[in-house]
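These notes are about the structure you will find just below.
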Amino acid sequence: MKNNTLGKVDAVSCRVLCDSANSVDGKTAGRRFYFVFKQSLVLFLVFTCVRGAGAGEKERAGYILTSKAFRVAAEKVLPSIVTIETYGASARPKSSGRRRRRSSGGISRPGDGPTTGVIVSSDGYIVTSTFNFATNPRIITIILRDGSRYVAKLLGRDETRKICVLKIEGVSDLPVPEMVDRNELKVGQWAISVGVGYGDDDPAISYGIISATSRISGKAVQTDANISPANYGGPLIDIEGRMIGLCTPLSPRSNEVTAGVAWYDSGIGFAVPLHGADRLLAIMKEGKVVYPGRIGIIPKPASPQGGGVAIATVAPGTPAKKAKLKKEDVILSIDGEKIIDVLHLRIVLGRYVAGDKITLRIKSGKEERDVELTLTKGVEPTKKPPVRKLPGKPKGKPDKKPAA
Amino acid sequence: MRTKKTTSWLPALAWLLAVLAVTVSAAGAPAQEAAADAESHESDNVFAKAIAHAQKRCVKIYGARIGRVEGFATGVIVSDDGLILTGQGVFLSGTSIDVVLPDGSRHVAVVERRSPALQVALLRIRVQTPNFFKVPEKSVVRKGDWVVAVTNLFQVAEGAEELSVNLGIVSLRTRLDAKRGTQDVPYRGEALLVDAITSNPGAEGGALVTIDGKLAGMVGKIIESKSTNTRLNYAVPSDLLYKFMAGKLIEPAAIATAGGGKTELGIRLFKLGGKRAPAYVDRVVPGSPAAEAGFKKDDLVLTINGEVVKNVRECKKMLDKLPAGEEVVILVKRKNEILRAALVPAEVKSDEK
C-alpha cells in the first residue's frame, strides 16, 4: 500500500543521486534548479530516514537506497515476466555438433529448469531468447505471475538477435513493460537483469551498468550485470523498472544459437532493445523468420584512413548486381543517412530486414546517383563440390568476411 | 560553465536542508548501534568499515587435497574461544587442518561438527579469538541488498595478507534442491544467491557481509545448477548457520523413499517416441485411479505434484515413486487446454505386473 509510493520516490531519488556526478554539465538553469531541488529533497529524505552522521553517511545512505531501488524496479517489471517450461527435447543444439557437450567453462545447452520470457502485448505475445529452445522442445507452456498456465505456440524468430516470439491464447489485458528508448541510454547507468531460470517463482536479480549502448552491429546493448541461462529471455531493466532490452546470448563472431553462452556471468552480457522493434516483432508474430537484409556486396574502406565505404566485390545474383553496382563504387548514404565507415554500414543495414526497400546514394567515378533496391536475406552459398587441393595449384580464396 | 554562477547558491540550499534534516533526526533518534565495532579505519568508502570488520574475522584454511580438488578454503570466526565455520570440503578429510588467523599465526584445527545438509563444518582451534562474528539469529539481508564476499579465492592471499573482496547484491533467496525430487546438489535448504562471482576454489567458507558488517551468510561450495547448467554463486544464510550452531538444524533424511509397496495410477505412457519424448498417455487402465479421474489417451503429463515432467523417462521415474494412499495432483495438457486432476494411487500387490 504505502510501500509502493515510497518505493517509487526512492527509485527516482536514487537515480538522481547516482547520476548527480555526471549530468550537471550543460544543463539549463531551470533544469539545474529542478535537479538540485530534487537532490536536496533526496538528502532530506536520506538524513531523516537513516539516522546518524559522518563523512560516508550520505554515500552509505545512497547505497541503501540503491538496493531498494533495485527491488522496486524489479517489482515493477515482475508482472510482465513469464516462466517458460518445455517438454520433450527432440534435438541437441546444432552447434554442439561433433564437439563435446560441455566445453570447459562454457555451456552449450539449457539446463533442466524453466526459462524466462517477457510479455510484449496484452493479448498474449511473449518474447524470449531462442537459446531457451535450443533443444527443440515439442511442447512449451507458459506460467504467468498469477500462477496460471497456458500452452504456448512458438512463432517466428530472429536468428541474428536470437530472440523469438511465443503466443498464448485466451488472455487479455496482460501487462506490458515500459520500454526505454535506446537513445536515452548512457554508458554507466544502472542496469538490472531479471530472470526466473533458477526455478523459483520469485525472479533472481543481478545488478550492473550499461557497458556499451551499441554492440553486435548495433543490435544489442552491453552490460556487466550477470547474464546467463538464469535470465536469458528475461528483461534487462533500468533503475526505474523500464525495460532496456531482452537478455540473450550473443557473440560478435557467430549466430549459432549457443554462441555467446560461454560469456555467461562474465561481465560481458547483451540485451536486445525492443523499443522501436515493432517491425521485427510484427514479422515474428506472423510466424516468420527475420532475416538480416543484404545488399550483396563485400564492403571495404573507401579511403586508406578507413573513412567511407566502397564496394570490394559484388556477388552475383544479388540486389547489388541487379542494381548494376560495380566494384569501386562508393556508398555515400542509405535512405539519406550518411555512411561513415564499414561498421557504420553494418549498423545502418542492421535496422532493415530482408524484403525492405532502401535507397542508396552511390558515387561511381565522378558521377552520383540514387539506386533503389530490395534487400534479400542473402545468397545461400552454393554448395561447391569438395575441391581436392593439388600442390602448386593456386588456392581458391574463401572470403571469410560476411557480405553486408 | 555558463550557468554556474547564477545557480551556485543552489547546492548550498541543498546542504542547508540536509543539515536541517540531520539535526531534526538526531534529536529524536536513539543512538544506533554500529554493527561494526570501532575500527581505526577511515570510513572513506561505504564498504571500508564492513570489509575491515570482516577481514579480522576470517581465516585461511589449509588441509588435504585430492587430485585436482584444492586443499584450501576460507573460514569465519564465530566465537571468542576459537570456533570457526567453514565449508565441508576435501580439505577437512586429511590428517591435519591448519588455520591461519588474520595476524598470520598458524593453528591446528579439529572438526567439531558437520552438517551434511548445509555442507558446513564447525572447527575449533585452541586459541582465544577475541574478534569474531556474532551469527545473527534472523536473516539480515533481502533481495537487492549489497553484500561483500570476503574470501581467499584461488589462495591469492597468504599468511597475514588480507583476503580478497567481491561486491555484489543478493539475487534471490531460494531452495536449491526443491525441484525434481532428485539430489541435484549436495546442499539442502535455502540459499542466498548472489551476483558476485564467489564460485571459485578457496572461496568456500568465506564471509558474506552486509554494508553494516553483519554476517549475512557463508560462501558455499562450487556447485552447478541443473536448472541453468551454470555455476551457482551462493551462500548459506546466517539464520541457518545460527540454527546449525545452536544444534537446532533439522537434517533432512537422506532421500525420502516411498514407503510400502508399488503403487499404480493406471497410466501407460507412449514409449515409441523415445525416452526424451514428452510424456503422452498411450493407454489408461480401465477401472484404475487414472481412469476414474478422467485421463484419456493422448493427454500429456505436464507436472506431477508441481514438479515439471520433461519426458517419458522422468514421468516413469516419478510415477514409480508415488506413495500409496497419498493424493497426487497431476496437470495434463489436452489439445490446448490444461487440466488438473487429483487422484490417489492404488497399491499393487507385489506379484502383479
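Going through the C-alpha cells in order, the chains are called A, B, and so on, while each chain numbers its residues from 1 and the ligands are numbered from 1 in the order shown.
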
6 Å contact set for segment 108-124 of chain A, only C-alpha atoms, chain neighbours under 6 positions out, as JSON, numbers by chain:
{"A": [80, 81, 82, 83, 84, 85, 167, 168, 171, 172, 173, 174, 175, 176, 195, 196, 197, 199, 233, 234, 258], "B": [226, 227, 228, 229]}

Return as a compact mmCIF listing (two decimals) with N, CA and C atoms, in the first residue's frame the full set of residues in segment 129-304 of chain A whose backbone-based DSSP assignment is strand (DSSP E).
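Generated output (selection-v4.txt):
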```txt
# COMPACT_ATOMS: atom_id res chain seq x y z
N SER A 129 14.36 -15.63 -25.53
CA SER A 129 15.60 -15.91 -26.24
C SER A 129 15.51 -17.26 -26.94
N PRO A 137 12.27 -28.27 -28.12
CA PRO A 137 11.24 -28.99 -27.37
C PRO A 137 9.95 -29.13 -28.18
N ARG A 138 9.17 -30.17 -27.85
CA ARG A 138 7.93 -30.40 -28.59
C ARG A 138 6.79 -29.53 -28.05
N ILE A 139 6.77 -29.39 -26.74
CA ILE A 139 5.67 -28.67 -26.10
C ILE A 139 6.25 -27.55 -25.24
N ILE A 140 5.58 -26.40 -25.28
CA ILE A 140 6.02 -25.27 -24.46
C ILE A 140 4.82 -24.78 -23.65
N THR A 141 5.02 -24.59 -22.36
CA THR A 141 3.96 -23.95 -21.58
C THR A 141 4.51 -22.69 -20.93
N ILE A 142 3.57 -21.80 -20.64
CA ILE A 142 3.90 -20.51 -20.05
C ILE A 142 3.16 -20.40 -18.72
N ILE A 143 3.87 -19.95 -17.70
CA ILE A 143 3.20 -19.67 -16.43
C ILE A 143 3.26 -18.16 -16.21
N ARG A 149 -1.40 -21.24 -16.07
CA ARG A 149 -0.51 -21.91 -17.02
C ARG A 149 -1.20 -22.04 -18.37
N TYR A 150 -0.44 -21.80 -19.43
CA TYR A 150 -1.00 -21.85 -20.78
C TYR A 150 -0.08 -22.64 -21.70
N VAL A 151 -0.71 -23.26 -22.69
CA VAL A 151 0.09 -23.88 -23.75
C VAL A 151 0.49 -22.78 -24.72
N ALA A 152 1.77 -22.73 -25.07
CA ALA A 152 2.24 -21.66 -25.93
C ALA A 152 2.65 -22.20 -27.29
N LYS A 153 2.48 -21.35 -28.27
CA LYS A 153 2.89 -21.71 -29.62
C LYS A 153 4.11 -20.87 -29.98
N LEU A 154 5.11 -21.53 -30.51
CA LEU A 154 6.33 -20.82 -30.91
C LEU A 154 6.12 -20.27 -32.31
N LEU A 155 6.24 -18.96 -32.44
CA LEU A 155 6.05 -18.32 -33.75
C LEU A 155 7.41 -18.03 -34.37
N GLY A 156 7.58 -16.81 -34.87
CA GLY A 156 8.80 -16.52 -35.62
C GLY A 156 10.00 -16.22 -34.75
N ARG A 157 11.13 -16.07 -35.41
CA ARG A 157 12.36 -15.80 -34.67
C ARG A 157 13.29 -14.89 -35.47
N ASP A 158 14.22 -14.32 -34.77
CA ASP A 158 15.25 -13.52 -35.41
C ASP A 158 16.58 -14.16 -35.04
N ILE A 163 16.25 -13.82 -30.73
CA ILE A 163 15.01 -13.68 -29.97
C ILE A 163 13.90 -14.35 -30.75
N CYS A 164 12.85 -14.72 -30.07
CA CYS A 164 11.72 -15.33 -30.76
C CYS A 164 10.44 -14.98 -30.03
N VAL A 165 9.32 -15.25 -30.70
CA VAL A 165 8.02 -14.85 -30.17
C VAL A 165 7.17 -16.08 -29.90
N LEU A 166 6.50 -16.08 -28.74
CA LEU A 166 5.55 -17.12 -28.38
C LEU A 166 4.17 -16.49 -28.28
N LYS A 167 3.13 -17.33 -28.42
CA LYS A 167 1.77 -16.80 -28.27
C LYS A 167 0.98 -17.73 -27.37
N ILE A 168 0.26 -17.12 -26.44
CA ILE A 168 -0.69 -17.91 -25.66
C ILE A 168 -2.09 -17.37 -25.96
N TRP A 190 22.75 2.43 -14.28
CA TRP A 190 22.40 1.15 -13.69
C TRP A 190 21.64 0.27 -14.68
N ALA A 191 21.89 -1.01 -14.59
CA ALA A 191 21.12 -1.99 -15.36
C ALA A 191 20.93 -3.22 -14.47
N ILE A 192 19.75 -3.76 -14.49
CA ILE A 192 19.44 -4.92 -13.64
C ILE A 192 18.86 -6.02 -14.50
N SER A 193 19.45 -7.20 -14.43
CA SER A 193 18.89 -8.33 -15.17
C SER A 193 17.96 -9.11 -14.24
N VAL A 194 16.87 -9.58 -14.83
CA VAL A 194 15.84 -10.26 -14.04
C VAL A 194 15.47 -11.56 -14.75
N GLY A 195 15.41 -12.67 -14.00
CA GLY A 195 15.06 -13.93 -14.64
C GLY A 195 14.61 -14.98 -13.65
N ALA A 204 15.39 -13.96 -9.85
CA ALA A 204 16.69 -13.54 -9.34
C ALA A 204 17.08 -12.26 -10.05
N ILE A 205 17.77 -11.38 -9.35
CA ILE A 205 18.22 -10.15 -9.98
C ILE A 205 19.73 -10.03 -9.88
N SER A 206 20.30 -9.33 -10.83
CA SER A 206 21.73 -9.07 -10.80
C SER A 206 21.94 -7.63 -11.24
N TYR A 207 22.81 -6.92 -10.54
CA TYR A 207 22.98 -5.51 -10.89
C TYR A 207 24.22 -5.32 -11.75
N GLY A 208 24.23 -4.24 -12.46
CA GLY A 208 25.39 -3.88 -13.23
C GLY A 208 25.16 -2.51 -13.83
N ILE A 209 25.96 -2.21 -14.83
CA ILE A 209 25.76 -0.95 -15.54
C ILE A 209 25.69 -1.25 -17.04
N ILE A 210 25.27 -0.25 -17.78
CA ILE A 210 25.36 -0.36 -19.24
C ILE A 210 26.84 -0.17 -19.60
N SER A 211 27.39 -1.17 -20.28
CA SER A 211 28.81 -1.11 -20.65
C SER A 211 29.00 -0.45 -22.01
N ALA A 212 28.02 -0.63 -22.89
CA ALA A 212 28.08 -0.02 -24.22
C ALA A 212 26.66 0.01 -24.75
N THR A 213 26.34 1.06 -25.48
CA THR A 213 24.95 1.18 -25.95
C THR A 213 24.75 0.56 -27.32
N SER A 214 25.83 0.23 -28.00
CA SER A 214 25.70 -0.36 -29.32
C SER A 214 26.76 -1.42 -29.54
N ARG A 215 26.30 -2.66 -29.63
CA ARG A 215 27.21 -3.78 -29.86
C ARG A 215 26.59 -4.73 -30.87
N ALA A 220 22.52 -4.81 -30.16
CA ALA A 220 22.38 -5.07 -28.73
C ALA A 220 23.06 -3.99 -27.91
N VAL A 221 22.66 -3.91 -26.64
CA VAL A 221 23.42 -3.12 -25.69
C VAL A 221 24.20 -4.10 -24.81
N GLN A 222 25.29 -3.61 -24.27
CA GLN A 222 26.14 -4.49 -23.47
C GLN A 222 26.07 -4.08 -22.01
N THR A 223 26.08 -5.07 -21.14
CA THR A 223 26.01 -4.80 -19.70
C THR A 223 26.98 -5.71 -18.95
N PRO A 235 14.10 -9.66 -18.92
CA PRO A 235 14.42 -8.27 -19.25
C PRO A 235 15.67 -7.76 -18.55
N LEU A 236 16.36 -6.86 -19.24
CA LEU A 236 17.37 -6.02 -18.59
C LEU A 236 16.65 -4.70 -18.35
N ILE A 237 16.59 -4.26 -17.11
CA ILE A 237 15.80 -3.06 -16.82
C ILE A 237 16.68 -1.95 -16.27
N MET A 243 12.14 -1.43 -19.33
CA MET A 243 12.92 -2.48 -19.99
C MET A 243 13.92 -1.87 -20.99
N ILE A 244 15.19 -2.20 -20.80
CA ILE A 244 16.24 -1.75 -21.70
C ILE A 244 16.33 -2.70 -22.89
N GLY A 245 16.23 -3.98 -22.60
CA GLY A 245 16.33 -4.96 -23.68
C GLY A 245 16.07 -6.35 -23.15
N LEU A 246 16.14 -7.30 -24.06
CA LEU A 246 15.90 -8.69 -23.71
C LEU A 246 17.24 -9.42 -23.63
N CYS A 247 17.52 -10.02 -22.47
CA CYS A 247 18.80 -10.70 -22.27
C CYS A 247 18.88 -11.93 -23.18
N GLY A 269 27.69 -9.14 -21.11
CA GLY A 269 26.36 -9.67 -21.40
C GLY A 269 25.65 -8.75 -22.37
N PHE A 270 24.67 -9.29 -23.08
CA PHE A 270 23.97 -8.48 -24.07
C PHE A 270 22.47 -8.53 -23.87
N ALA A 271 21.85 -7.43 -24.26
CA ALA A 271 20.38 -7.37 -24.27
C ALA A 271 19.95 -6.68 -25.55
N VAL A 272 18.94 -7.25 -26.19
CA VAL A 272 18.45 -6.69 -27.45
C VAL A 272 17.30 -5.73 -27.15
N VAL A 289 10.50 -15.85 -40.06
CA VAL A 289 11.86 -15.67 -39.58
C VAL A 289 12.36 -14.31 -40.08
N VAL A 290 12.94 -13.55 -39.16
CA VAL A 290 13.54 -12.27 -39.56
C VAL A 290 14.94 -12.54 -40.09
N ILE A 297 27.06 -7.18 -51.34
CA ILE A 297 28.42 -6.70 -51.64
C ILE A 297 29.35 -7.06 -50.50
N ILE A 298 30.61 -7.03 -50.79
CA ILE A 298 31.59 -7.04 -49.71
C ILE A 298 32.18 -5.64 -49.68
N PRO A 299 31.99 -4.96 -48.55
CA PRO A 299 32.45 -3.57 -48.49
C PRO A 299 33.92 -3.47 -48.13
N LYS A 300 34.47 -2.32 -48.41
CA LYS A 300 35.84 -2.05 -47.98
C LYS A 300 35.95 -0.54 -47.73
N PRO A 301 36.92 -0.12 -46.95
CA PRO A 301 37.06 1.32 -46.72
C PRO A 301 37.33 2.04 -48.03
```

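Using only C-alpha atoms for every distance, the candidate list B:Ile211, B:Glu251, B:Glu162, B:Asp195 yields B:Glu251 as the residue closest to Arg114 of chain B.
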
As a count of residues only, please: all residues of segment 133-311 of chain A that backbone DSSP puts in helix (DSSP H, G or I).
15

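The two atoms in question, atom CA of Glu327 of chain B and atom CA of Lys297 of chain B, are spaced 21.7 Å apart.
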
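Using only C-alpha atoms, the contacts of Tyr62 of chain B at a cut-off of 10 Å, with sequence neighbours closer than 2 positions omitted, comprise Val59, Lys60, Ala64, Arg65, Glu70, Gly71, Phe72, Ala73, Thr74, Phe91, Leu92, Gly94, Ser96, Ile97, Asp98, Val99, Val100, Arg106, Val108, Ala109, Gln155 and Gly202 of chain B.
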
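Every protein, DNA or RNA residue with an atom at most 7 Å from Lys138 of chain B, where only C-alpha atoms count and chain neighbours fewer than 2 positions away do not, is listed here: B:Pro136, B:Val140, B:Asp239.
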
Would you kindly return, as a PyMOL selection string, each protein, DNA or RNA residue with an atom no farther than 10 Å from any atom of segment 330-347 of chain B, considering only C-alpha atoms and excluding same-chain residues fewer than 2 positions away?
(chain A and resi 139+141+148-153+168-169) or (chain B and resi 260-266+279-281+288-309+319+322-328+349-350)

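Atom CA of Asp201 of chain A lies 26.1 Å from atom CA of Ile268 of chain A.
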
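Among B:Met218, B:Ala277, B:Val69, B:Ala50, the residue with the shortest atom-to-atom distance to Cys315 of chain B, counting only C-alpha atoms, is B:Ala277.
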
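With only C-alpha atoms taken into account, the protein and nucleic acid residues at most 6 Å from segment 122-133 of chain B (excluding it and anything under 6 positions from it in its own chain) are Arg57, Ile77, Val78, Ser79, Asp80, Asp81, Gly82, Leu83, Ile84, Leu85, Ala109, Val110, Val111, Glu112 and Arg113 of chain B.
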
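Among the candidates B:Leu269, B:Val120, B:Leu193, B:Leu208, the one nearest to His53 of chain B when counting only C-alpha atoms is B:Leu208.
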
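Near Tyr291 of chain A, within a cut-off of 12 Å and counting only C-alpha atoms, sit the residues A:Gly156, A:Arg157, A:Asp158, A:Glu159, A:Thr160, A:Arg161, A:Lys162, A:Asn255, A:Leu280, A:Ile283, A:Met284, A:Leu349, A:Gly350, A:Arg351, A:Tyr352, A:Val353, A:Ala354, A:Gly355, A:Asp356, A:Leu375, A:Thr376, A:Lys377, A:Gly378, A:Val379, with same-chain residues fewer than 4 positions away left out.
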
Just give me the gap between atom CA of Gln119 of chain B and atom CA of Ile223 of chain B in Å, one decimal is fine.
11.4 Å
